[in-house]
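Enquirer: Structure file run.pdb (PDB, C-alpha atoms (C1' of nucleotides)) right here:
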ATOM      1  CA  MET A1458     170.835  80.472 122.726
ATOM      2  CA  LYS A1459     171.523  78.089 125.568
ATOM      3  CA  ALA A1460     169.449  77.340 128.622
ATOM      4  CA  ALA A1461     166.364  76.035 126.910
ATOM      5  CA  HIS A1462     166.478  73.528 129.732
ATOM      6  CA  LEU A1463     162.777  73.135 130.026
ATOM      7  CA  LYS A1464     161.299  76.524 130.577
ATOM      8  CA  PRO A1465     158.335  76.712 128.235
ATOM      9  CA  ASP A1466     156.721  79.512 130.205
ATOM     10  CA  ALA A1467     154.897  82.206 128.286
ATOM     11  CA  TYR A1468     157.487  84.752 129.365
ATOM     12  CA  ALA A1469     160.285  83.095 127.461
ATOM     13  CA  ALA A1470     161.646  84.518 124.250
ATOM     14  CA  ASN A1471     159.747  81.990 122.171
ATOM     15  CA  CYS A1472     156.489  83.743 122.927
ATOM     16  CA  PRO A1473     154.906  84.801 119.649
ATOM     17  CA  THR A1474     153.910  88.110 121.117
ATOM     18  CA  ARG A1475     157.520  88.993 121.718
ATOM     19  CA  GLN A1476     158.400  88.747 118.066
ATOM     20  CA  ILE A1477     155.592  91.069 117.136
ATOM     21  CA  LEU A1478     156.383  93.526 119.874
ATOM     22  CA  ASP A1479     159.950  93.650 118.693
ATOM     23  CA  ARG A1480     158.673  94.386 115.219
ATOM     24  CA  VAL A1481     156.502  97.162 116.490
ATOM     25  CA  GLY A1482     159.226  98.518 118.698
ATOM     26  CA  ASP A1483     161.573  98.618 115.747
ATOM     27  CA  LYS A1484     162.573 102.196 115.206
ATOM     28  CA  TRP A1485     161.444 102.273 111.588
ATOM     29  CA  ALA A1486     159.253  99.296 110.764
ATOM     30  CA  VAL A1487     155.908 100.603 111.923
ATOM     31  CA  LEU A1488     156.732 104.029 110.574
ATOM     32  CA  ILE A1489     157.136 102.529 107.133
ATOM     33  CA  LEU A1490     154.007 100.470 107.450
ATOM     34  CA  LEU A1491     151.994 103.525 108.391
ATOM     35  CA  LEU A1492     153.408 105.461 105.464
ATOM     36  CA  LEU A1493     152.565 102.703 103.038
ATOM     37  CA  ARG A1494     149.097 102.508 104.453
ATOM     38  CA  SER A1495     148.348 105.735 102.606
ATOM     39  CA  GLU A1496     149.947 104.812  99.314
ATOM     40  CA  PRO A1497     152.617 102.690  97.678
ATOM     41  CA  MET A1498     156.022 104.328  97.604
ATOM     42  CA  ARG A1499     159.404 103.930  95.988
ATOM     43  CA  PHE A1500     162.667 103.387  97.818
ATOM     44  CA  ASN A1501     164.062 106.885  97.728
ATOM     45  CA  GLN A1502     160.633 108.278  98.231
ATOM     46  CA  LEU A1503     160.448 106.473 101.558
ATOM     47  CA  ARG A1504     163.971 107.550 102.297
ATOM     48  CA  ARG A1505     163.077 111.192 101.882
ATOM     49  CA  ALA A1506     159.773 110.850 103.700
ATOM     50  CA  ILE A1507     161.375 109.474 106.801
ATOM     51  CA  GLU A1508     164.412 111.710 106.850
ATOM     52  CA  GLY A1509     167.024 110.350 109.145
ATOM     53  CA  ILE A1510     166.993 106.739 108.162
ATOM     54  CA  SER A1511     170.109 105.472 106.454
ATOM     55  CA  GLN A1512     170.041 103.651 103.157
ATOM     56  CA  LYS A1513     171.263 100.556 104.913
ATOM     57  CA  MET A1514     168.576 100.556 107.551
ATOM     58  CA  LEU A1515     165.818 101.281 105.065
ATOM     59  CA  SER A1516     166.940  98.467 102.821
ATOM     60  CA  GLN A1517     167.238  96.153 105.784
ATOM     61  CA  VAL A1518     163.893  96.871 107.363
ATOM     62  CA  LEU A1519     162.109  96.769 104.013
ATOM     63  CA  LYS A1520     163.549  93.336 103.354
ATOM     64  CA  SER A1521     162.537  92.211 106.785
ATOM     65  CA  LEU A1522     158.993  93.514 106.388
ATOM     66  CA  GLU A1523     158.720  91.875 103.010
ATOM     67  CA  ARG A1524     159.946  88.622 104.494
ATOM     68  CA  ASP A1525     157.225  88.811 107.112
ATOM     69  CA  GLY A1526     154.635  89.289 104.405
ATOM     70  CA  LEU A1527     153.731  92.736 105.674
ATOM     71  CA  LEU A1528     154.615  94.563 102.508
ATOM     72  CA  ARG A1529     155.166  93.711  98.896
ATOM     73  CA  ARG A1530     158.060  94.671  96.682
ATOM     74  CA  ARG A1531     157.505  95.174  92.982
ATOM     75  CA  ALA A1532     160.425  95.889  90.676
ATOM     76  CA  ILE A1533     159.624  97.584  87.386
ATOM     77  CA  ALA A1534     162.177  97.292  84.616
ATOM     78  CA  THR A1535     162.277 100.921  83.596
ATOM     79  CA  VAL A1536     165.418 102.680  82.425
ATOM     80  CA  PRO A1537     166.750 103.270  85.866
ATOM     81  CA  VAL A1538     164.981 100.511  87.697
ATOM     82  CA  THR A1539     161.904 101.495  89.680
ATOM     83  CA  VAL A1540     160.861  99.625  92.807
ATOM     84  CA  GLU A1541     157.515 100.088  94.415
ATOM     85  CA  TYR A1542     156.660  99.036  97.943
ATOM     86  CA  SER A1543     153.075  98.544  98.986
ATOM     87  CA  ILE A1544     151.410  97.282 102.130
ATOM     88  CA  THR A1545     149.766  93.851 102.096
ATOM     89  CA  PRO A1546     146.381  92.985 103.604
ATOM     90  CA  LEU A1547     148.278  91.318 106.433
ATOM     91  CA  GLY A1548     150.368  94.417 106.971
ATOM     92  CA  LEU A1549     147.242  96.476 106.983
ATOM     93  CA  THR A1550     145.735  94.458 109.815
ATOM     94  CA  LEU A1551     148.921  94.913 111.818
ATOM     95  CA  ALA A1552     148.824  98.640 111.216
ATOM     96  CA  GLU A1553     145.284  98.624 112.513
ATOM     97  CA  ALA A1554     146.296  96.705 115.611
ATOM     98  CA  VAL A1555     148.823  99.432 116.272
ATOM     99  CA  ASP A1556     146.231 102.178 116.179
ATOM    100  CA  PRO A1557     145.111 101.771 119.795
ATOM    101  CA  LEU A1558     148.715 102.256 120.769
ATOM    102  CA  ARG A1559     148.956 105.398 118.686
ATOM    103  CA  ASP A1560     145.844 106.685 120.338
ATOM    104  CA  TRP A1561     147.133 105.813 123.771
ATOM    105  CA  ALA A1562     150.362 107.620 123.029
ATOM    106  CA  GLU A1563     148.646 110.762 121.907
ATOM    107  CA  GLN A1564     146.210 110.775 124.769
ATOM    108  CA  ASN A1565     148.667 109.952 127.507
ATOM    109  CA  LEU A1566     151.927 111.468 126.450
ATOM    110  CA  LYS A1567     151.312 114.496 128.633
ATOM    111  CA  GLU A1568     150.695 112.348 131.658
ATOM    112  CA  VAL A1569     153.791 110.266 131.012
ATOM    113  CA  LEU A1570     155.911 113.382 130.673
ATOM    114  CA  ALA A1571     154.391 114.763 133.855
ATOM    115  CA  ALA A1572     155.218 111.531 135.668
ATOM    116  CA  GLN A1573     158.771 111.793 134.426
ATOM    117  CA  ARG A1574     159.095 115.334 135.681
ATOM    118  CA  ARG A1575     157.736 114.334 139.059
ATOM    119  CA  TYR A1576     160.102 111.406 139.256
ATOM    120  CA  ASP A1577     163.103 113.483 138.264
ATOM    121  CA  ALA A1578     162.173 116.209 140.722
ATOM    122  CA  GLN A1579     162.484 113.693 143.538
ATOM    123  CA  ARG A1580     165.982 112.633 142.557
ATOM    124  CA  LYS A1581     167.710 115.715 141.268
ATOM    125  CA  PRO A1582     167.530 117.651 144.574
ATOM    126  CA  LEU A1583     169.513 114.909 146.268
ATOM    127  CA  GLU A1584     172.527 115.634 144.137
ATOM    128  CA  ALA A1585     172.102 119.371 143.905
ATOM    129  CA  ALA A1586     175.670 120.530 144.426
TER     130      ALA A1586
ATOM    131  CA  MET B1140     171.145 114.268 116.958
ATOM    132  CA  LYS B1141     171.981 116.794 114.308
ATOM    133  CA  ALA B1142     170.037 117.785 111.212
ATOM    134  CA  ALA B1143     166.951 119.130 112.922
ATOM    135  CA  HIS B1144     167.063 121.690 110.128
ATOM    136  CA  LEU B1145     163.380 122.275 110.012
ATOM    137  CA  LYS B1146     161.705 118.981 109.517
ATOM    138  CA  PRO B1147     158.802 118.907 111.936
ATOM    139  CA  ASP B1148     157.085 116.135 110.025
ATOM    140  CA  ALA B1149     155.207 113.503 111.934
ATOM    141  CA  TYR B1150     157.811 110.936 110.952
ATOM    142  CA  ALA B1151     160.568 112.556 112.908
ATOM    143  CA  ALA B1152     161.834 111.145 116.164
ATOM    144  CA  ASN B1153     159.945 113.708 118.193
ATOM    145  CA  CYS B1154     156.679 112.003 117.370
ATOM    146  CA  PRO B1155     155.019 110.980 120.636
ATOM    147  CA  THR B1156     154.024 107.674 119.142
ATOM    148  CA  ARG B1157     157.653 106.757 118.635
ATOM    149  CA  GLN B1158     158.421 106.990 122.321
ATOM    150  CA  ILE B1159     155.559 104.720 123.156
ATOM    151  CA  LEU B1160     156.399 102.245 120.446
ATOM    152  CA  ASP B1161     159.936 102.099 121.733
ATOM    153  CA  ARG B1162     158.555 101.375 125.155
ATOM    154  CA  VAL B1163     156.395  98.613 123.832
ATOM    155  CA  GLY B1164     159.169  97.239 121.690
ATOM    156  CA  ASP B1165     161.433  97.084 124.703
ATOM    157  CA  LYS B1166     162.356  93.491 125.259
ATOM    158  CA  TRP B1167     161.160  93.440 128.832
ATOM    159  CA  ALA B1168     158.980  96.439 129.601
ATOM    160  CA  VAL B1169     155.675  95.144 128.334
ATOM    161  CA  LEU B1170     156.414  91.713 129.697
ATOM    162  CA  ILE B1171     156.720  93.203 133.152
ATOM    163  CA  LEU B1172     153.584  95.273 132.777
ATOM    164  CA  LEU B1173     151.610  92.233 131.724
ATOM    165  CA  LEU B1174     152.921  90.271 134.685
ATOM    166  CA  LEU B1175     152.015  93.031 137.089
ATOM    167  CA  ARG B1176     148.585  93.257 135.588
ATOM    168  CA  SER B1177     147.754  90.025 137.370
ATOM    169  CA  GLU B1178     149.269  90.891 140.712
ATOM    170  CA  PRO B1179     151.910  92.993 142.445
ATOM    171  CA  MET B1180     155.292  91.334 142.620
ATOM    172  CA  ARG B1181     158.638  91.702 144.341
ATOM    173  CA  PHE B1182     161.952  92.234 142.627
ATOM    174  CA  ASN B1183     163.333  88.732 142.726
ATOM    175  CA  GLN B1184     159.910  87.357 142.118
ATOM    176  CA  LEU B1185     159.834  89.181 138.791
ATOM    177  CA  ARG B1186     163.385  88.081 138.155
ATOM    178  CA  ARG B1187     162.455  84.456 138.515
ATOM    179  CA  ALA B1188     159.211  84.829 136.605
ATOM    180  CA  ILE B1189     160.916  86.237 133.584
ATOM    181  CA  GLU B1190     163.926  83.955 133.612
ATOM    182  CA  GLY B1191     166.605  85.330 131.403
ATOM    183  CA  ILE B1192     166.592  88.951 132.415
ATOM    184  CA  SER B1193     169.666  90.182 134.205
ATOM    185  CA  GLN B1194     169.501  91.944 137.534
ATOM    186  CA  LYS B1195     170.795  95.058 135.874
ATOM    187  CA  MET B1196     168.205  95.095 133.131
ATOM    188  CA  LEU B1197     165.359  94.373 135.504
ATOM    189  CA  SER B1198     166.423  97.155 137.803
ATOM    190  CA  GLN B1199     166.823  99.495 134.872
ATOM    191  CA  VAL B1200     163.524  98.806 133.159
ATOM    192  CA  LEU B1201     161.642  98.900 136.451
ATOM    193  CA  LYS B1202     163.057 102.308 137.190
ATOM    194  CA  SER B1203     162.176 103.465 133.729
ATOM    195  CA  LEU B1204     158.615 102.188 133.991
ATOM    196  CA  GLU B1205     158.240 103.809 137.372
ATOM    197  CA  ARG B1206     159.538 107.065 135.955
ATOM    198  CA  ASP B1207     156.906 106.922 133.248
ATOM    199  CA  GLY B1208     154.221 106.430 135.854
ATOM    200  CA  LEU B1209     153.350 103.004 134.554
ATOM    201  CA  LEU B1210     154.112 101.151 137.744
ATOM    202  CA  ARG B1211     154.552 101.964 141.390
ATOM    203  CA  ARG B1212     157.368 100.962 143.686
ATOM    204  CA  ARG B1213     156.669 100.425 147.355
ATOM    205  CA  ALA B1214     159.475  99.668 149.767
ATOM    206  CA  ILE B1215     158.529  97.953 153.006
ATOM    207  CA  ALA B1216     160.978  98.207 155.887
ATOM    208  CA  THR B1217     161.052  94.565 156.871
ATOM    209  CA  VAL B1218     164.146  92.793 158.143
ATOM    210  CA  PRO B1219     165.582  92.222 154.741
ATOM    211  CA  VAL B1220     163.881  95.021 152.897
ATOM    212  CA  THR B1221     160.893  94.064 150.764
ATOM    213  CA  VAL B1222     159.984  95.960 147.619
ATOM    214  CA  GLU B1223     156.685  95.541 145.884
ATOM    215  CA  TYR B1224     155.972  96.614 142.341
ATOM    216  CA  SER B1225     152.428  97.159 141.166
ATOM    217  CA  ILE B1226     150.888  98.452 137.987
ATOM    218  CA  THR B1227     149.270 101.898 137.994
ATOM    219  CA  PRO B1228     145.955 102.810 136.390
ATOM    220  CA  LEU B1229     147.934 104.489 133.634
ATOM    221  CA  GLY B1230     150.017 101.372 133.129
ATOM    222  CA  LEU B1231     146.887  99.333 133.013
ATOM    223  CA  THR B1232     145.480 101.388 130.172
ATOM    224  CA  LEU B1233     148.710 100.914 128.259
ATOM    225  CA  ALA B1234     148.558  97.188 128.831
ATOM    226  CA  GLU B1235     145.053  97.251 127.431
ATOM    227  CA  ALA B1236     146.185  99.166 124.369
ATOM    228  CA  VAL B1237     148.708  96.416 123.785
ATOM    229  CA  ASP B1238     146.083  93.706 123.817
ATOM    230  CA  PRO B1239     145.051  94.118 120.157
ATOM    231  CA  LEU B1240     148.682  93.587 119.280
ATOM    232  CA  ARG B1241     148.836  90.458 121.385
ATOM    233  CA  ASP B1242     145.750  89.200 119.653
ATOM    234  CA  TRP B1243     147.145  90.053 116.256
ATOM    235  CA  ALA B1244     150.339  88.230 117.101
ATOM    236  CA  GLU B1245     148.572  85.092 118.180
ATOM    237  CA  GLN B1246     146.216  85.087 115.241
ATOM    238  CA  ASN B1247     148.766  85.880 112.576
ATOM    239  CA  LEU B1248     151.993  84.331 113.755
ATOM    240  CA  LYS B1249     151.408  81.302 111.572
ATOM    241  CA  GLU B1250     150.903  83.438 108.519
ATOM    242  CA  VAL B1251     153.994  85.478 109.250
ATOM    243  CA  LEU B1252     156.069  82.345 109.689
ATOM    244  CA  ALA B1253     154.657  80.979 106.458
ATOM    245  CA  ALA B1254     155.574  84.177 104.658
ATOM    246  CA  GLN B1255     159.089  83.899 106.028
ATOM    247  CA  ARG B1256     159.423  80.335 104.817
ATOM    248  CA  ARG B1257     158.195  81.327 101.391
ATOM    249  CA  TYR B1258     160.597  84.225 101.248
ATOM    250  CA  ASP B1259     163.542  82.138 102.357
ATOM    251  CA  ALA B1260     162.670  79.403  99.904
ATOM    252  CA  GLN B1261     163.097  81.886  97.083
ATOM    253  CA  ARG B1262     166.567  82.923  98.165
ATOM    254  CA  LYS B1263     168.214  79.817  99.533
ATOM    255  CA  PRO B1264     168.118  77.840  96.262
ATOM    256  CA  LEU B1265     170.188  80.530  94.597
ATOM    257  CA  GLU B1266     173.116  79.801  96.838
ATOM    258  CA  ALA B1267     172.589  76.059  97.089
ATOM    259  CA  ALA B1268     176.063  74.737  96.386
TER     260      ALA B1268
ATOM    261  C1'  DC C 261     167.364 104.730  90.875
ATOM    262  C1'  DG C 262     167.888 101.117  94.151
ATOM    263  C1'  DG C 263     170.480  98.849  96.185
ATOM    264  C1'  DT C 264     175.057  95.815  98.342
ATOM    265  C1'  DA C 265     179.629  95.573 100.687
ATOM    266  C1'  DT C 266     182.791  97.083 104.035
ATOM    267  C1'  DC C 267     184.565  99.292 107.837
ATOM    268  C1'  DC C 268     183.996 101.090 112.330
ATOM    269  C1'  DG C 269     182.363 103.499 116.600
ATOM    270  C1'  DC C 270     179.347 103.453 120.218
ATOM    271  C1'  DC C 271     175.819 102.080 123.250
ATOM    272  C1'  DA C 272     172.992  98.531 125.142
ATOM    273  C1'  DT C 273     173.475  94.543 127.576
ATOM    274  C1'  DG C 274     175.577  90.828 130.219
ATOM    275  C1'  DA C 275     178.755  89.111 133.909
ATOM    276  C1'  DT C 276     180.735  89.880 138.116
ATOM    277  C1'  DA C 277     181.527  91.873 142.500
ATOM    278  C1'  DC C 278     180.063  94.487 146.219
ATOM    279  C1'  DT C 279     176.480  96.993 149.563
ATOM    280  C1'  DG C 280     172.549  98.385 152.782
TER     281       DG C 280
ATOM    282  C1'  DC D1381     166.224  90.763 149.522
ATOM    283  C1'  DA D1382     167.022  94.466 146.489
ATOM    284  C1'  DG D1383     169.711  96.639 144.494
ATOM    285  C1'  DT D1384     174.458  99.668 142.660
ATOM    286  C1'  DA D1385     179.123  99.890 140.474
ATOM    287  C1'  DT D1386     182.395  98.523 137.278
ATOM    288  C1'  DC D1387     184.167  96.324 133.402
ATOM    289  C1'  DA D1388     184.014  93.833 129.060
ATOM    290  C1'  DT D1389     181.848  92.847 124.501
ATOM    291  C1'  DG D1390     179.097  92.447 120.498
ATOM    292  C1'  DG D1391     176.133  93.835 117.499
ATOM    293  C1'  DC D1392     173.297  97.691 115.797
ATOM    294  C1'  DG D1393     173.446 101.247 113.017
ATOM    295  C1'  DG D1394     175.892 105.203 110.507
ATOM    296  C1'  DA D1395     179.278 106.600 106.878
ATOM    297  C1'  DT D1396     181.344 105.631 102.773
ATOM    298  C1'  DA D1397     182.293 103.454  98.526
ATOM    299  C1'  DC D1398     180.872 100.849  94.825
ATOM    300  C1'  DC D1399     177.537  98.133  91.462
ATOM    301  C1'  DG D1400     173.519  96.760  88.046
TER     302       DG D1400
END
Transcribe the structure of this file into structure tokens.

Expert:
Amino acid sequence: MKAAHLKPDAYAANCPTRQILDRVGDKWAVLILLLLRSEPMRFNQLRRAIEGISQKMLSQVLKSLERDGLLRRRAIATVPVTVEYSITPLGLTLAEAVDPLRDWAEQNLKEVLAAQRRYDAQRKPLEAA
Amino acid sequence: MKAAHLKPDAYAANCPTRQILDRVGDKWAVLILLLLRSEPMRFNQLRRAIEGISQKMLSQVLKSLERDGLLRRRAIATVPVTVEYSITPLGLTLAEAVDPLRDWAEQNLKEVLAAQRRYDAQRKPLEAA
DNA sequence: CGGTATCCGCCATGATACTG
DNA sequence: CAGTATCATGGCGGATACCG
């Protein structure tokens, strides 16, 4: 960080909204939250459910979500240790705030894709060998 | 991309919601949409309003948002060319779907920060020389 | 099982220079 | 004013190996 000269405008990085949007934009975070909304899950259970996430990333994002108070980690001292992750009330409210976005996505994906096709159709012809 | 074996679960990358969440998580995209919600703006006007975005990134994200049909670009053939960006009806609905998230962020930032402090307080002492 | 540690490649981003 | 082109870099994330 440097130039914090004196630019306290709402569009600076210190805007609270930005932090949350980054969270939500995180490739895995919301996915995990939505999974845990249904039921608590164990580490490798999440790993298998998501399919494609690396152990490192899962561990990392889980820690980060726990740090933010969005989920809770509970270690059970069984023979091979068992760890259960569950969503917190706070996490639940965030998940709910994401719902409108989910709905928007489902309702408007077609239109977005159509817009993309239209846009691309305007450009491609220009470079048609 | 590889292992697309046969995992059409909703938690795969092809989920429409993921694309939208990525959009929203984009460092600048939503910021721009929210700015344009108030009024149309020109390129350098946006650049100055955001303060910290590079010319390259602004150009890139604007193009991307235009491609998605979320904003409209209008070039006016003045002496030095003028380009005006304005939000589309579609973009407006997305901006509105983001509002609950904004609200959540503002209402719960304190609690998130508190959770972070609590979490950090548990770990730091362990490595306190 | 549930992680951490390490190494490393690649892509996203920034800085800079140039153009219509 | 509104970009594009090129180059450099750093950090995100995957792969692998190892530990409690």

Enquirer: Just give me the gap between atom CA of Lys1567 of chain A and atom CA of Gln1579 of chain A in Å, one decimal is fine.

Expert: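 For atom CA of Lys1567 of chain A relative to atom CA of Gln1579 of chain A, the distance reads 18.6 Å.
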
Enquirer: Up to 10 Å from chain D, what residues of chain B turn up? Count all atoms listed in the file and give them as a short mmCIF file (atom, residue, chain, number, x, y, z; two decimals) with C-alpha atoms, keeping the file's coordinate frame.

Expert:
data_model
loop_
_atom_site.label_atom_id
_atom_site.label_comp_id
_atom_site.auth_asym_id
_atom_site.auth_seq_id
_atom_site.Cartn_x
_atom_site.Cartn_y
_atom_site.Cartn_z
CA ARG B 1181 158.64 91.70 144.34
CA PHE B 1182 161.95 92.23 142.63
CA ASN B 1183 163.33 88.73 142.73
CA GLN B 1194 169.50 91.94 137.53
CA LYS B 1195 170.80 95.06 135.87
CA SER B 1198 166.42 97.16 137.80
CA ALA B 1214 159.48 99.67 149.77
CA THR B 1217 161.05 94.56 156.87
CA VAL B 1218 164.15 92.79 158.14
CA PRO B 1219 165.58 92.22 154.74
CA VAL B 1220 163.88 95.02 152.90
CA THR B 1221 160.89 94.06 150.76
CA VAL B 1222 159.98 95.96 147.62
#

Enquirer: For chain B, list the residues within 8 Å of chain A, counting all atoms listed in the file, and write the list as a VMD selection string.

Expert: chain B and resid 1150 to 1151 1155 to 1157 1159 to 1166 1170 1188 to 1191 1206 to 1208 1232 to 1233 1236 to 1237 1239 to 1241 1243 to 1245 1248 1251 to 1252 1254 to 1255 1258 to 1259

Enquirer: Determine which residues of chain C sit within 8 Å of chain A, taking into account all atoms listed in the file, and present them as a list in words.

Expert: DC261, DG262 and DG263 of chain C

Enquirer: Figure out the distance between atom CA of Leu1210 of chain B and atom CA of Tyr1224 of chain B, please, to one decimal in Å.

Expert: 6.7 Å

Enquirer: Quick one: which residues end up in the PyMOL selection byres ((chain C and resi 272-276) around 8) for this structure, as a PDB file with C-alpha atoms (C1' of nucleotides), keeping the file's coordinate frame?

Expert:
ATOM      1  CA  SER B1193     169.666  90.182 134.205  1.00  0.00           C
ATOM      2  CA  MET B1196     168.205  95.095 133.131  1.00  0.00           C
TER       3      MET B1196
ATOM      4  C1'  DC C 271     175.819 102.080 123.250  1.00  0.00           C
ATOM      5  C1'  DA C 277     181.527  91.873 142.500  1.00  0.00           C
TER       6       DA C 277
END

Enquirer: Tell me which of A:Pro1546, A:Glu1496, A:Arg1504, A:Arg1580 sits closest to Leu1519 of chain A, counting only C-alpha atoms.

Expert: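 Result for the nearest residue to Leu1519 of chain A: A:Arg1504.
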
Enquirer: For the atom pair atom CA of Leu1515 of chain A and atom CA of Ala1168 of chain B, what is the interatomic distance in Å to one decimal place?

Expert: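 Taking atom CA of Leu1515 of chain A and atom CA of Ala1168 of chain B, their separation equals 25.9 Å.
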
Enquirer: Run the PyMOL selection byres ((chain A and resi 1530) around 6) against the file shown and list the residues it catches, as a PyMOL selection string.

Expert: chain A and resi 1529+1531+1541-1542

Enquirer: Let me have the centre and edge lengths of the axis-aligned box enclosing all listed atoms of segment 1173-1192 of chain B with 8 Å padding on every side, in Å to one decimal, as AutoDock Vina command-line options.

Expert:
--center_x 157.2 --center_y 88.6 --center_z 137.9 --size_x 34.9 --size_y 25.3 --size_z 28.9
